[in-house]
$ cat upload.cif   # mmCIF, N, CA and C atoms
data_target
loop_
_atom_site.label_atom_id
_atom_site.label_comp_id
_atom_site.auth_asym_id
_atom_site.auth_seq_id
_atom_site.Cartn_x
_atom_site.Cartn_y
_atom_site.Cartn_z
N MET A 11 78.87 164.02 44.74
CA MET A 11 80.07 164.80 44.94
C MET A 11 80.52 164.65 46.38
N LYS A 12 81.83 164.66 46.58
CA LYS A 12 82.44 164.49 47.90
C LYS A 12 83.25 165.73 48.29
N ARG A 13 83.30 165.97 49.57
CA ARG A 13 84.22 166.96 50.14
C ARG A 13 85.29 166.16 50.87
N VAL A 14 86.54 166.36 50.49
CA VAL A 14 87.66 165.66 51.12
C VAL A 14 88.48 166.70 51.88
N GLU A 15 88.64 166.48 53.18
CA GLU A 15 89.45 167.36 54.01
C GLU A 15 90.68 166.59 54.47
N ILE A 16 91.82 167.16 54.23
CA ILE A 16 93.08 166.54 54.64
C ILE A 16 93.76 167.51 55.59
N ILE A 17 94.09 167.01 56.77
CA ILE A 17 94.83 167.81 57.75
C ILE A 17 96.16 167.11 57.96
N ALA A 18 97.24 167.85 57.73
CA ALA A 18 98.57 167.24 57.76
C ALA A 18 99.59 168.19 58.38
N ASN A 19 100.60 167.60 58.98
CA ASN A 19 101.75 168.37 59.44
C ASN A 19 102.36 169.04 58.22
N GLN A 20 102.71 170.32 58.33
CA GLN A 20 103.28 171.03 57.20
C GLN A 20 104.55 170.37 56.67
N SER A 21 105.22 169.61 57.50
CA SER A 21 106.47 168.98 57.07
C SER A 21 106.26 167.93 55.98
N ILE A 22 105.05 167.44 55.80
CA ILE A 22 104.80 166.43 54.76
C ILE A 22 103.89 166.95 53.65
N GLU A 23 103.63 168.24 53.64
CA GLU A 23 102.77 168.83 52.60
C GLU A 23 103.32 168.55 51.20
N ALA A 24 104.61 168.76 50.99
CA ALA A 24 105.21 168.53 49.67
C ALA A 24 105.06 167.08 49.25
N ASP A 25 105.17 166.16 50.20
CA ASP A 25 105.03 164.74 49.89
C ASP A 25 103.60 164.43 49.42
N LEU A 26 102.62 165.06 50.06
CA LEU A 26 101.23 164.87 49.64
C LEU A 26 101.02 165.35 48.21
N PHE A 27 101.45 166.57 47.93
CA PHE A 27 101.23 167.11 46.59
C PHE A 27 102.03 166.35 45.54
N GLU A 28 103.17 165.82 45.91
CA GLU A 28 103.96 165.02 44.97
C GLU A 28 103.20 163.77 44.55
N ILE A 29 102.58 163.10 45.50
CA ILE A 29 101.84 161.88 45.15
C ILE A 29 100.54 162.24 44.41
N PHE A 30 99.93 163.39 44.73
CA PHE A 30 98.75 163.82 43.99
C PHE A 30 99.10 164.04 42.52
N ILE A 31 100.21 164.71 42.28
CA ILE A 31 100.65 164.96 40.90
C ILE A 31 100.94 163.64 40.19
N LYS A 32 101.64 162.75 40.87
CA LYS A 32 102.00 161.45 40.30
C LYS A 32 100.75 160.66 39.90
N LYS A 33 99.69 160.75 40.71
CA LYS A 33 98.47 160.00 40.44
C LYS A 33 97.43 160.79 39.64
N GLY A 34 97.73 162.05 39.35
CA GLY A 34 96.80 162.87 38.57
C GLY A 34 95.53 163.23 39.32
N ILE A 35 95.63 163.45 40.62
CA ILE A 35 94.46 163.77 41.45
C ILE A 35 94.72 165.06 42.23
N GLY A 36 93.67 165.58 42.83
CA GLY A 36 93.81 166.75 43.68
C GLY A 36 94.28 168.00 42.97
N ARG A 37 93.89 168.16 41.73
CA ARG A 37 94.36 169.32 40.94
C ARG A 37 93.69 170.61 41.37
N HIS A 38 92.47 170.52 41.86
CA HIS A 38 91.71 171.71 42.26
C HIS A 38 91.45 171.61 43.76
N TYR A 39 91.97 172.55 44.51
CA TYR A 39 91.89 172.46 45.96
C TYR A 39 91.92 173.84 46.59
N THR A 40 91.57 173.89 47.85
CA THR A 40 91.75 175.06 48.69
C THR A 40 92.72 174.66 49.78
N LYS A 41 93.73 175.49 50.01
CA LYS A 41 94.73 175.20 51.03
C LYS A 41 94.64 176.26 52.12
N ILE A 42 94.54 175.80 53.35
CA ILE A 42 94.55 176.69 54.50
C ILE A 42 95.86 176.44 55.23
N PRO A 43 96.83 177.33 55.06
CA PRO A 43 98.12 177.15 55.74
C PRO A 43 98.02 177.55 57.20
N ASN A 44 99.00 177.17 57.96
CA ASN A 44 99.10 177.58 59.36
C ASN A 44 97.89 177.18 60.20
N ALA A 45 97.35 176.00 59.95
CA ALA A 45 96.24 175.48 60.74
C ALA A 45 96.80 174.92 62.04
N MET A 46 96.19 175.27 63.13
CA MET A 46 96.68 174.83 64.44
C MET A 46 95.64 173.95 65.11
N GLY A 47 96.10 173.05 65.97
CA GLY A 47 95.18 172.20 66.70
C GLY A 47 95.88 171.04 67.38
N VAL A 48 95.05 170.21 68.01
CA VAL A 48 95.53 169.05 68.73
C VAL A 48 94.75 167.84 68.24
N GLY A 49 95.46 166.85 67.76
CA GLY A 49 94.84 165.61 67.32
C GLY A 49 95.45 164.45 68.08
N ASN A 50 95.75 163.38 67.37
CA ASN A 50 96.33 162.19 68.01
C ASN A 50 97.85 162.23 68.08
N SER A 51 98.45 163.21 67.42
CA SER A 51 99.91 163.37 67.52
C SER A 51 100.18 164.62 68.37
N ASP A 52 101.41 165.07 68.40
CA ASP A 52 101.75 166.25 69.19
C ASP A 52 100.94 167.46 68.74
N PRO A 53 100.65 168.38 69.67
CA PRO A 53 99.95 169.61 69.29
C PRO A 53 100.72 170.38 68.23
N LYS A 54 99.98 171.04 67.38
CA LYS A 54 100.57 171.90 66.33
C LYS A 54 100.01 173.30 66.58
N MET A 55 100.75 174.12 67.33
CA MET A 55 100.24 175.41 67.78
C MET A 55 101.00 176.61 67.24
N GLY A 56 102.12 176.39 66.56
CA GLY A 56 102.87 177.48 65.98
C GLY A 56 103.46 178.45 67.00
N ASP A 57 103.72 177.96 68.20
CA ASP A 57 104.31 178.84 69.23
C ASP A 57 105.66 178.27 69.67
N HIS A 58 106.27 178.89 70.67
CA HIS A 58 107.60 178.45 71.09
C HIS A 58 107.57 177.11 71.82
N ILE A 59 106.44 176.70 72.35
CA ILE A 59 106.35 175.40 73.03
C ILE A 59 106.03 174.29 72.03
N TRP A 60 105.05 174.52 71.17
CA TRP A 60 104.67 173.57 70.13
C TRP A 60 104.80 174.28 68.78
N PRO A 61 106.01 174.36 68.23
CA PRO A 61 106.26 175.21 67.06
C PRO A 61 105.70 174.72 65.72
N GLU A 62 105.39 173.46 65.60
CA GLU A 62 104.90 172.97 64.31
C GLU A 62 103.48 173.45 64.05
N GLU A 63 103.11 173.45 62.77
CA GLU A 63 101.77 173.80 62.34
C GLU A 63 101.27 172.78 61.33
N ASN A 64 99.97 172.76 61.16
CA ASN A 64 99.35 171.89 60.16
C ASN A 64 98.99 172.70 58.92
N VAL A 65 98.63 172.00 57.90
CA VAL A 65 98.02 172.57 56.70
C VAL A 65 96.72 171.81 56.48
N MET A 66 95.70 172.51 56.02
CA MET A 66 94.43 171.87 55.72
C MET A 66 94.16 172.03 54.23
N ILE A 67 93.83 170.94 53.58
CA ILE A 67 93.56 170.92 52.15
C ILE A 67 92.12 170.45 51.96
N ILE A 68 91.34 171.22 51.25
CA ILE A 68 89.94 170.88 51.00
C ILE A 68 89.76 170.69 49.49
N ILE A 69 89.18 169.54 49.14
CA ILE A 69 88.99 169.21 47.73
C ILE A 69 87.54 168.74 47.53
N TYR A 70 86.87 169.33 46.56
CA TYR A 70 85.55 168.87 46.14
C TYR A 70 85.75 168.07 44.85
N CYS A 71 85.24 166.84 44.86
CA CYS A 71 85.50 165.96 43.71
C CYS A 71 84.45 164.87 43.62
N GLU A 72 84.55 164.11 42.56
CA GLU A 72 83.67 162.95 42.38
C GLU A 72 84.15 161.80 43.26
N GLU A 73 83.27 160.84 43.46
CA GLU A 73 83.53 159.70 44.33
C GLU A 73 84.82 158.96 43.97
N LYS A 74 85.06 158.73 42.68
CA LYS A 74 86.25 157.98 42.25
C LYS A 74 87.54 158.69 42.68
N GLU A 75 87.55 160.02 42.51
CA GLU A 75 88.75 160.77 42.90
C GLU A 75 88.90 160.77 44.42
N ALA A 76 87.79 160.83 45.14
CA ALA A 76 87.85 160.81 46.61
C ALA A 76 88.51 159.52 47.11
N VAL A 77 88.18 158.41 46.48
CA VAL A 77 88.79 157.13 46.85
C VAL A 77 90.29 157.16 46.58
N LYS A 78 90.68 157.69 45.43
CA LYS A 78 92.10 157.79 45.09
C LYS A 78 92.84 158.72 46.05
N LEU A 79 92.19 159.80 46.45
CA LEU A 79 92.81 160.72 47.42
C LEU A 79 93.03 160.03 48.76
N LYS A 80 92.03 159.29 49.22
CA LYS A 80 92.18 158.56 50.48
C LYS A 80 93.32 157.55 50.40
N ASP A 81 93.43 156.86 49.28
CA ASP A 81 94.52 155.89 49.09
C ASP A 81 95.88 156.59 49.08
N ALA A 82 95.95 157.75 48.45
CA ALA A 82 97.21 158.51 48.41
C ALA A 82 97.61 158.98 49.81
N VAL A 83 96.64 159.44 50.57
CA VAL A 83 96.92 159.87 51.95
C VAL A 83 97.41 158.69 52.78
N LYS A 84 96.81 157.53 52.55
CA LYS A 84 97.25 156.32 53.26
C LYS A 84 98.71 156.00 52.94
N GLU A 85 99.09 156.13 51.67
CA GLU A 85 100.48 155.88 51.27
C GLU A 85 101.45 156.81 51.99
N VAL A 86 101.11 158.10 52.02
CA VAL A 86 101.98 159.08 52.69
C VAL A 86 102.01 158.81 54.19
N ASN A 87 100.88 158.44 54.75
CA ASN A 87 100.82 158.14 56.19
C ASN A 87 101.71 156.95 56.56
N GLU A 88 101.80 155.98 55.65
CA GLU A 88 102.66 154.82 55.89
C GLU A 88 104.14 155.23 55.88
N LEU A 89 104.49 156.24 55.09
CA LEU A 89 105.87 156.74 55.05
C LEU A 89 106.21 157.57 56.28
N PHE A 90 105.23 158.29 56.80
CA PHE A 90 105.44 159.20 57.93
C PHE A 90 104.38 158.98 59.00
N PRO A 91 104.40 157.83 59.68
CA PRO A 91 103.32 157.49 60.61
C PRO A 91 103.21 158.38 61.84
N ARG A 92 104.24 159.12 62.17
CA ARG A 92 104.22 159.94 63.39
C ARG A 92 104.04 161.43 63.14
N GLU A 93 103.83 161.83 61.90
CA GLU A 93 103.77 163.25 61.57
C GLU A 93 102.40 163.88 61.73
N GLY A 94 101.38 163.11 61.84
CA GLY A 94 100.03 163.66 61.94
C GLY A 94 99.45 163.89 60.56
N LEU A 95 98.55 163.02 60.15
CA LEU A 95 97.94 163.10 58.83
C LEU A 95 96.58 162.40 58.89
N LYS A 96 95.53 163.15 58.60
CA LYS A 96 94.18 162.59 58.62
C LYS A 96 93.42 163.02 57.38
N VAL A 97 92.50 162.20 56.95
CA VAL A 97 91.63 162.52 55.83
C VAL A 97 90.19 162.24 56.26
N PHE A 98 89.31 163.17 55.89
CA PHE A 98 87.89 163.06 56.21
C PHE A 98 87.11 163.30 54.93
N THR A 99 86.08 162.52 54.70
CA THR A 99 85.23 162.72 53.53
C THR A 99 83.79 162.89 53.96
N SER A 100 83.06 163.68 53.20
CA SER A 100 81.63 163.84 53.46
C SER A 100 80.92 164.08 52.13
N GLN A 101 79.66 163.76 52.12
CA GLN A 101 78.82 163.95 50.95
C GLN A 101 78.47 165.43 50.85
N CYS A 102 78.41 165.98 49.65
CA CYS A 102 78.01 167.37 49.48
C CYS A 102 77.20 167.52 48.20
N GLU A 103 76.57 168.65 48.05
CA GLU A 103 75.78 168.94 46.85
C GLU A 103 76.50 169.89 45.95
#
$ encode --input "upload.cif" --output "structure tokens"
Amino acid sequence: MKRVEIIANQSIEADLFEIFIKKGIGRHYTKIPNAMGVGNSDPKMGDHIWPEENVMIIIYCEEKEAVKLKDAVKEVNELFPREGLKVFTSQCE
């Protein structure tokens, strides 16, 4: 079993879920809205200086679905390369 963590600019959240629906993946997830932080793109702090925020999506799934999720994130990242979008996977029990 895999844990897939996706951290994305809230502006592309709908695009992520649209491709998940299209590919029949990511049906069961936990969403943490209003996630703030600094990565490789502009800070997302939800304040008047850095007003944008991230969303974090956590999905526990089998290996095959994890691969499909990573591919879907890659597709969205190619459409919006400057918006901030990362995917992390780890093994879990």
$ residues_around --input "upload.cif" --residues "region 76-78 of chain A" --least-positions-apart "2" --cutoff "12 Å" --atoms "only C-alpha atoms" --output "PDB file with N, CA and C atoms, in the coordinates of the input"
ATOM      1  N   MET A  11      78.870 164.020  44.740  1.00  0.00           N
ATOM      2  CA  MET A  11      80.070 164.800  44.940  1.00  0.00           C
ATOM      3  C   MET A  11      80.520 164.650  46.380  1.00  0.00           C
ATOM      4  N   LYS A  12      81.830 164.660  46.580  1.00  0.00           N
ATOM      5  CA  LYS A  12      82.440 164.490  47.900  1.00  0.00           C
ATOM      6  C   LYS A  12      83.250 165.730  48.290  1.00  0.00           C
ATOM      7  N   ARG A  13      83.300 165.970  49.570  1.00  0.00           N
ATOM      8  CA  ARG A  13      84.220 166.960  50.140  1.00  0.00           C
ATOM      9  C   ARG A  13      85.290 166.160  50.870  1.00  0.00           C
ATOM     10  N   VAL A  14      86.540 166.360  50.490  1.00  0.00           N
ATOM     11  CA  VAL A  14      87.660 165.660  51.120  1.00  0.00           C
ATOM     12  C   VAL A  14      88.480 166.700  51.880  1.00  0.00           C
ATOM     13  N   GLU A  15      88.640 166.480  53.180  1.00  0.00           N
ATOM     14  CA  GLU A  15      89.450 167.360  54.010  1.00  0.00           C
ATOM     15  C   GLU A  15      90.680 166.590  54.470  1.00  0.00           C
ATOM     16  N   ILE A  16      91.820 167.160  54.230  1.00  0.00           N
ATOM     17  CA  ILE A  16      93.080 166.540  54.640  1.00  0.00           C
ATOM     18  C   ILE A  16      93.760 167.510  55.590  1.00  0.00           C
ATOM     19  N   ILE A  29     102.580 163.100  45.500  1.00  0.00           N
ATOM     20  CA  ILE A  29     101.840 161.880  45.150  1.00  0.00           C
ATOM     21  C   ILE A  29     100.540 162.240  44.410  1.00  0.00           C
ATOM     22  N   PHE A  30      99.930 163.390  44.730  1.00  0.00           N
ATOM     23  CA  PHE A  30      98.750 163.820  43.990  1.00  0.00           C
ATOM     24  C   PHE A  30      99.100 164.040  42.520  1.00  0.00           C
ATOM     25  N   ILE A  31     100.210 164.710  42.280  1.00  0.00           N
ATOM     26  CA  ILE A  31     100.650 164.960  40.900  1.00  0.00           C
ATOM     27  C   ILE A  31     100.940 163.640  40.190  1.00  0.00           C
ATOM     28  N   LYS A  32     101.640 162.750  40.870  1.00  0.00           N
ATOM     29  CA  LYS A  32     102.000 161.450  40.300  1.00  0.00           C
ATOM     30  C   LYS A  32     100.750 160.660  39.900  1.00  0.00           C
ATOM     31  N   LYS A  33      99.690 160.750  40.710  1.00  0.00           N
ATOM     32  CA  LYS A  33      98.470 160.000  40.440  1.00  0.00           C
ATOM     33  C   LYS A  33      97.430 160.790  39.640  1.00  0.00           C
ATOM     34  N   GLY A  34      97.730 162.050  39.350  1.00  0.00           N
ATOM     35  CA  GLY A  34      96.800 162.870  38.570  1.00  0.00           C
ATOM     36  C   GLY A  34      95.530 163.230  39.320  1.00  0.00           C
ATOM     37  N   ILE A  35      95.630 163.450  40.620  1.00  0.00           N
ATOM     38  CA  ILE A  35      94.460 163.770  41.450  1.00  0.00           C
ATOM     39  C   ILE A  35      94.720 165.060  42.230  1.00  0.00           C
ATOM     40  N   GLY A  36      93.670 165.580  42.830  1.00  0.00           N
ATOM     41  CA  GLY A  36      93.810 166.750  43.680  1.00  0.00           C
ATOM     42  C   GLY A  36      94.280 168.000  42.970  1.00  0.00           C
ATOM     43  N   ILE A  68      91.340 171.220  51.250  1.00  0.00           N
ATOM     44  CA  ILE A  68      89.940 170.880  51.000  1.00  0.00           C
ATOM     45  C   ILE A  68      89.760 170.690  49.490  1.00  0.00           C
ATOM     46  N   ILE A  69      89.180 169.540  49.140  1.00  0.00           N
ATOM     47  CA  ILE A  69      88.990 169.210  47.730  1.00  0.00           C
ATOM     48  C   ILE A  69      87.540 168.740  47.530  1.00  0.00           C
ATOM     49  N   TYR A  70      86.870 169.330  46.560  1.00  0.00           N
ATOM     50  CA  TYR A  70      85.550 168.870  46.140  1.00  0.00           C
ATOM     51  C   TYR A  70      85.750 168.070  44.850  1.00  0.00           C
ATOM     52  N   CYS A  71      85.240 166.840  44.860  1.00  0.00           N
ATOM     53  CA  CYS A  71      85.500 165.960  43.710  1.00  0.00           C
ATOM     54  C   CYS A  71      84.450 164.870  43.620  1.00  0.00           C
ATOM     55  N   GLU A  72      84.550 164.110  42.560  1.00  0.00           N
ATOM     56  CA  GLU A  72      83.670 162.950  42.380  1.00  0.00           C
ATOM     57  C   GLU A  72      84.150 161.800  43.260  1.00  0.00           C
ATOM     58  N   GLU A  73      83.270 160.840  43.460  1.00  0.00           N
ATOM     59  CA  GLU A  73      83.530 159.700  44.330  1.00  0.00           C
ATOM     60  C   GLU A  73      84.820 158.960  43.970  1.00  0.00           C
ATOM     61  N   LYS A  74      85.060 158.730  42.680  1.00  0.00           N
ATOM     62  CA  LYS A  74      86.250 157.980  42.250  1.00  0.00           C
ATOM     63  C   LYS A  74      87.540 158.690  42.680  1.00  0.00           C
ATOM     64  N   LYS A  80      92.030 159.290  49.220  1.00  0.00           N
ATOM     65  CA  LYS A  80      92.180 158.560  50.480  1.00  0.00           C
ATOM     66  C   LYS A  80      93.320 157.550  50.400  1.00  0.00           C
ATOM     67  N   ASP A  81      93.430 156.860  49.280  1.00  0.00           N
ATOM     68  CA  ASP A  81      94.520 155.890  49.090  1.00  0.00           C
ATOM     69  C   ASP A  81      95.880 156.590  49.080  1.00  0.00           C
ATOM     70  N   ALA A  82      95.950 157.750  48.450  1.00  0.00           N
ATOM     71  CA  ALA A  82      97.210 158.510  48.410  1.00  0.00           C
ATOM     72  C   ALA A  82      97.610 158.980  49.810  1.00  0.00           C
ATOM     73  N   VAL A  83      96.640 159.440  50.570  1.00  0.00           N
ATOM     74  CA  VAL A  83      96.920 159.870  51.950  1.00  0.00           C
ATOM     75  C   VAL A  83      97.410 158.690  52.780  1.00  0.00           C
ATOM     76  N   LYS A  84      96.810 157.530  52.550  1.00  0.00           N
ATOM     77  CA  LYS A  84      97.250 156.320  53.260  1.00  0.00           C
ATOM     78  C   LYS A  84      98.710 156.000  52.940  1.00  0.00           C
ATOM     79  N   GLU A  85      99.090 156.130  51.670  1.00  0.00           N
ATOM     80  CA  GLU A  85     100.480 155.880  51.270  1.00  0.00           C
ATOM     81  C   GLU A  85     101.450 156.810  51.990  1.00  0.00           C
ATOM     82  N   VAL A  97      92.500 162.200  56.950  1.00  0.00           N
ATOM     83  CA  VAL A  97      91.630 162.520  55.830  1.00  0.00           C
ATOM     84  C   VAL A  97      90.190 162.240  56.260  1.00  0.00           C
ATOM     85  N   PHE A  98      89.310 163.170  55.890  1.00  0.00           N
ATOM     86  CA  PHE A  98      87.890 163.060  56.210  1.00  0.00           C
ATOM     87  C   PHE A  98      87.110 163.300  54.930  1.00  0.00           C
ATOM     88  N   THR A  99      86.080 162.520  54.700  1.00  0.00           N
ATOM     89  CA  THR A  99      85.230 162.720  53.530  1.00  0.00           C
ATOM     90  C   THR A  99      83.790 162.890  53.960  1.00  0.00           C
ATOM     91  N   SER A 100      83.060 163.680  53.200  1.00  0.00           N
ATOM     92  CA  SER A 100      81.630 163.840  53.460  1.00  0.00           C
ATOM     93  C   SER A 100      80.920 164.080  52.130  1.00  0.00           C
ATOM     94  N   GLN A 101      79.660 163.760  52.120  1.00  0.00           N
ATOM     95  CA  GLN A 101      78.820 163.950  50.950  1.00  0.00           C
ATOM     96  C   GLN A 101      78.470 165.430  50.850  1.00  0.00           C
TER      97      GLN A 101
END
$ resolve_selection --input "upload.cif" --expression "the PyMOL selection byres ((chain A and resi 95) around 5)" --output "VMD selection string"
chain A and resid 17 to 18 93 to 94 96 to 97
$ write_last_selection --input "upload.cif" --atoms "N, CA and C atoms" --output "PDB file, keeping the file's coordinate frame"
ATOM      1  N   ILE A  17      94.090 167.010  56.770  1.00  0.00           N
ATOM      2  CA  ILE A  17      94.830 167.810  57.750  1.00  0.00           C
ATOM      3  C   ILE A  17      96.160 167.110  57.960  1.00  0.00           C
ATOM      4  N   ALA A  18      97.240 167.850  57.730  1.00  0.00           N
ATOM      5  CA  ALA A  18      98.570 167.240  57.760  1.00  0.00           C
ATOM      6  C   ALA A  18      99.590 168.190  58.380  1.00  0.00           C
ATOM      7  N   GLU A  93     103.830 161.830  61.900  1.00  0.00           N
ATOM      8  CA  GLU A  93     103.770 163.250  61.570  1.00  0.00           C
ATOM      9  C   GLU A  93     102.400 163.880  61.730  1.00  0.00           C
ATOM     10  N   GLY A  94     101.380 163.110  61.840  1.00  0.00           N
ATOM     11  CA  GLY A  94     100.030 163.660  61.940  1.00  0.00           C
ATOM     12  C   GLY A  94      99.450 163.890  60.560  1.00  0.00           C
ATOM     13  N   LYS A  96      95.530 163.150  58.600  1.00  0.00           N
ATOM     14  CA  LYS A  96      94.180 162.590  58.620  1.00  0.00           C
ATOM     15  C   LYS A  96      93.420 163.020  57.380  1.00  0.00           C
ATOM     16  N   VAL A  97      92.500 162.200  56.950  1.00  0.00           N
ATOM     17  CA  VAL A  97      91.630 162.520  55.830  1.00  0.00           C
ATOM     18  C   VAL A  97      90.190 162.240  56.260  1.00  0.00           C
TER      19      VAL A  97
END
$ residues_around --input "upload.cif" --residues "Gln20 (chain A)" --least-positions-apart "5" --cutoff "6 Å" --atoms "only N, CA and C atoms" --output "VMD selection string"
chain A and resid 63 to 65
$ closest_residue --input "upload.cif" --among "A:Asp25, A:Glu62, A:Glu75, A:Glu103" --to "Asn44 (chain A)" --atoms "only N, CA and C atoms"
A:Glu62
$ atom_distance --input "upload.cif" --atom1 "atom C of Ile42 (chain A)" --atom2 "atom N of Ser21 (chain A)"
11.8 Å
$ atom_distance --input "upload.cif" --atom1 "atom N of Asn87 (chain A)" --atom2 "CA of Ile67 (chain A)"
14.7 Å
$ atom_distance --input "upload.cif" --atom1 "CA of Met66 (chain A)" --atom2 "CA of Tyr39 (chain A)"
10.1 Å
$ select_by_dssp --input "upload.cif" --residues "chain A" --states "strand (DSSP E or B)" --output "ChimeraX atom specification"
/A:12-19,40-45,47,54,64-71,95-101
$ residues_around --input "upload.cif" --residues "Arg92 (chain A)" --least-positions-apart "6" --cutoff "12 Å" --atoms "only C-alpha atoms" --output "PyMOL selection string"
chain A and resi 18-19+21-22+49-52+86
$ write_last_selection --input "upload.cif" --atoms "N, CA and C atoms" --output "mmCIF file, in the coordinates of the input"
data_model
loop_
_atom_site.group_PDB
_atom_site.id
_atom_site.type_symbol
_atom_site.label_atom_id
_atom_site.label_comp_id
_atom_site.auth_asym_id
_atom_site.auth_seq_id
_atom_site.Cartn_x
_atom_site.Cartn_y
_atom_site.Cartn_z
ATOM 1 N N ALA A 18 97.240 167.850 57.730
ATOM 2 C CA ALA A 18 98.570 167.240 57.760
ATOM 3 C C ALA A 18 99.590 168.190 58.380
ATOM 4 N N ASN A 19 100.600 167.600 58.980
ATOM 5 C CA ASN A 19 101.750 168.370 59.440
ATOM 6 C C ASN A 19 102.360 169.040 58.220
ATOM 7 N N SER A 21 105.220 169.610 57.500
ATOM 8 C CA SER A 21 106.470 168.980 57.070
ATOM 9 C C SER A 21 106.260 167.930 55.980
ATOM 10 N N ILE A 22 105.050 167.440 55.800
ATOM 11 C CA ILE A 22 104.800 166.430 54.760
ATOM 12 C C ILE A 22 103.890 166.950 53.650
ATOM 13 N N GLY A 49 95.460 166.850 67.760
ATOM 14 C CA GLY A 49 94.840 165.610 67.320
ATOM 15 C C GLY A 49 95.450 164.450 68.080
ATOM 16 N N ASN A 50 95.750 163.380 67.370
ATOM 17 C CA ASN A 50 96.330 162.190 68.010
ATOM 18 C C ASN A 50 97.850 162.230 68.080
ATOM 19 N N SER A 51 98.450 163.210 67.420
ATOM 20 C CA SER A 51 99.910 163.370 67.520
ATOM 21 C C SER A 51 100.180 164.620 68.370
ATOM 22 N N ASP A 52 101.410 165.070 68.400
ATOM 23 C CA ASP A 52 101.750 166.250 69.190
ATOM 24 C C ASP A 52 100.940 167.460 68.740
ATOM 25 N N VAL A 86 101.110 158.100 52.020
ATOM 26 C CA VAL A 86 101.980 159.080 52.690
ATOM 27 C C VAL A 86 102.010 158.810 54.190
#
$ select_by_dssp --input "upload.cif" --residues "region 16-97 of chain A" --states "alpha helix (DSSP H)" --output "PyMOL selection string"
chain A and resi 23-33+73-89
